[in-house]
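Step one of this worksheet: look at the structure below.
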Amino acid sequence: MNFGYQDKKDSCQACGKSGNLRSCKTCTYSFHTECLLSPLKSSRLDNWMCPECVSPLNDIDKILDCEMRPTVAGESDAENLRSKQSLTKQYLVKWKGLSYMHCGWVPEEEFLKVFRINQHLKTKVNNFHRKMGPVRKPDEDFVAIRPEWTTVHRILSCRDHGAEKEYLVKWKELPYDECHWELESDISLFQAEIERFNIFRSRSRKISYCKQKGSVSDDAELIKQQKEFQQYEHSPEFLSGGTLHLYQLEGLNFLRFSWSKQTHVILADEMGLGKTIQSIAFLASLLQENASPHLVVAPLSTLRNWEREFERWAPQMNVVCYVCWNFPSS
């Protein structure tokens, strides 16, 4: 007899035997009541979730590391604590829905408690050891969490979270599908990125307001601006990365002149003369005239360099880097 939903497993997840089973309301697992670690109360029969679905360890996204770490015996005296220190096996885990800033160490004993009734977690641990090898010692050189993964690259959005603000964060060296919401207090070390986001948001709101009032150039006005070609005699002040060389300034004016004539061109300087910088200077000059957005298509191996140069020469530009690994065959 099965007390839960239909189409559930007909054997106990813990012992593998059939009989009087109780089915989880959220997954396909079934258990004998006597195989559960805690007694099943009759009041919970109609709304029961199995240990795998309610266990905090079920929220583990991935296991990053395993090592022998110091733990302390449960005594309050400081001298006793130092003398009782010992090493136990612990796992460094990343939690679902949380960034690498919130990873934590979980003692092996917590895993062992639920292995019998949580085969999925047991498989995850076994796969980790199969991939990583034996447990490490604390003094072994290994970086499970790269510093870039806990460094704010840019902030994408903001919302209120009670009395505190919460920011949607993109992390360095991680793709956009690994962005997370973080409390302002958790990223307080990255005030520069918060201020940069506020500047972008303020500018965006201003442009949106001006468009509603009709004070921003429309397409016809932009075409008129193109015809009124402005040549730079000196390195523009809106470039913060340094001063353009004369040949780079010539390249900038060449691109701007070609744009004013709506002519497609190729910037064909020799390698190492700063074509990337000239291109960024050109795009930054167009931004000064409210001509945006722009799309830069570049080889994968050069994307990081493009990002760095934009941050150096034109930090006022809102640069979003997208990486496409595969296109659908259709």
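Chain identifiers are assigned as A, B, and so on, following the order in which chains appear in the structure tokens; residues are numbered from 1 within each chain, and ligands are numbered from 1 in order of appearance.
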
Would you mind listing what lies within 12 Å of region 238-251 of chain A as a PyMOL selection string, with only C-alpha atoms counted and same-chain residues fewer than 2 positions away left out? chain A and resi 231-236+253-258+265-270+272-288+308-317

Neighbours of Lys17 (chain A) within 12 Å (only C-alpha atoms; same-chain residues fewer than 4 positions away dropped), as a compact mmCIF listing (two decimals) with C-alpha atoms, in the first residue's frame?
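Contents of out-v2.txt, freshly written:
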# COMPACT_ATOMS: atom_id res chain seq x y z
CA LYS A 9 8.80 4.44 -6.75
CA ASP A 10 7.53 1.10 -5.42
CA SER A 11 10.52 0.51 -3.15
CA CYS A 12 11.96 2.35 -0.16
CA GLN A 13 14.71 4.81 -1.05
CA LEU A 21 5.50 3.17 1.77
CA SER A 30 9.12 6.69 -1.16
CA PHE A 31 10.12 5.52 2.32
CA HIS A 32 9.08 3.15 5.08
CA CYS A 35 13.41 3.88 7.83

Between CA of His102 (chain A) and CA of Ser188 (chain A), what is the spacing in Å? 14.7 Å

As a list in words, please: the residues near Tyr322 (chain A) (cut-off 10 Å, only C-alpha atoms, same-chain neighbours under 4 positions excluded).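 Contacts, with the query itself left out: Pro175, Tyr176, Val297, Leu300 and Leu303 of chain A.
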
Give me, as a ChimeraX atom specification, all polymer residues having an atom no more than 6 Å from region 90-92 of chain A, counting only C-alpha atoms and skipping those fewer than 6 positions away in the same chain. /A:64-67,104-108

Could you please write out, as a count of residues only, every residue of region 142-287 of chain A that DSSP assigns to alpha helix (DSSP H)? 60

Could you name the residues that touch Cys321 (chain A) at 9 Å or less, counting only C-alpha atoms, but leaving out those on the same chain fewer than 2 positions away, as a count of residues only? 5

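Nearest-residue note for Trp181 (chain A): choosing from A:His129, A:Lys94, A:His161, A:Arg196, the minimum distance belongs to A:His161, counting only C-alpha atoms.
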
Identify all residues of region 87-207 of chain A in strand (DSSP E) (DSSP on the backbone) and supply them as a PyMOL selection string. chain A and resi 87-95+104-107+152-161+164-171+180-183

For the residues in that selection, give me C-alpha atoms as a PDB file, in the first residue's frame.
ATOM      1  CA  LEU A  87      41.311  17.775  12.526  1.00  0.00           C
ATOM      2  CA  THR A  88      38.145  16.458  10.906  1.00  0.00           C
ATOM      3  CA  LYS A  89      37.174  15.899   7.306  1.00  0.00           C
ATOM      4  CA  GLN A  90      35.097  18.781   5.923  1.00  0.00           C
ATOM      5  CA  TYR A  91      33.646  19.731   2.537  1.00  0.00           C
ATOM      6  CA  LEU A  92      33.626  23.210   1.035  1.00  0.00           C
ATOM      7  CA  VAL A  93      30.233  23.635  -0.639  1.00  0.00           C
ATOM      8  CA  LYS A  94      28.537  26.228  -2.810  1.00  0.00           C
ATOM      9  CA  TRP A  95      24.824  26.639  -2.104  1.00  0.00           C
ATOM     10  CA  GLY A 104      30.876  27.246   3.661  1.00  0.00           C
ATOM     11  CA  TRP A 105      32.565  24.233   5.217  1.00  0.00           C
ATOM     12  CA  VAL A 106      30.325  21.310   6.193  1.00  0.00           C
ATOM     13  CA  PRO A 107      31.672  18.470   8.402  1.00  0.00           C
ATOM     14  CA  VAL A 152      32.225  42.506  -8.226  1.00  0.00           C
ATOM     15  CA  HIS A 153      32.674  43.114 -11.945  1.00  0.00           C
ATOM     16  CA  ARG A 154      29.581  45.223 -12.472  1.00  0.00           C
ATOM     17  CA  ILE A 155      26.164  45.847 -10.944  1.00  0.00           C
ATOM     18  CA  LEU A 156      23.149  45.349 -13.176  1.00  0.00           C
ATOM     19  CA  SER A 157      20.144  46.294 -11.070  1.00  0.00           C
ATOM     20  CA  CYS A 158      18.994  47.420  -7.642  1.00  0.00           C
ATOM     21  CA  ARG A 159      15.975  46.772  -5.424  1.00  0.00           C
ATOM     22  CA  ASP A 160      14.896  47.383  -1.840  1.00  0.00           C
ATOM     23  CA  HIS A 161      15.289  44.585   0.686  1.00  0.00           C
ATOM     24  CA  GLU A 164      18.719  47.768   3.001  1.00  0.00           C
ATOM     25  CA  LYS A 165      19.358  47.821  -0.725  1.00  0.00           C
ATOM     26  CA  GLU A 166      20.057  44.704  -2.732  1.00  0.00           C
ATOM     27  CA  TYR A 167      22.127  44.656  -5.929  1.00  0.00           C
ATOM     28  CA  LEU A 168      22.222  42.227  -8.826  1.00  0.00           C
ATOM     29  CA  VAL A 169      25.919  41.466  -9.210  1.00  0.00           C
ATOM     30  CA  LYS A 170      27.931  40.091 -12.098  1.00  0.00           C
ATOM     31  CA  TRP A 171      31.186  38.578 -10.880  1.00  0.00           C
ATOM     32  CA  HIS A 180      23.263  36.925  -7.889  1.00  0.00           C
ATOM     33  CA  TRP A 181      21.400  39.375  -5.697  1.00  0.00           C
ATOM     34  CA  GLU A 182      23.600  40.615  -2.848  1.00  0.00           C
ATOM     35  CA  LEU A 183      22.866  42.849   0.128  1.00  0.00           C
TER      36      LEU A 183
END
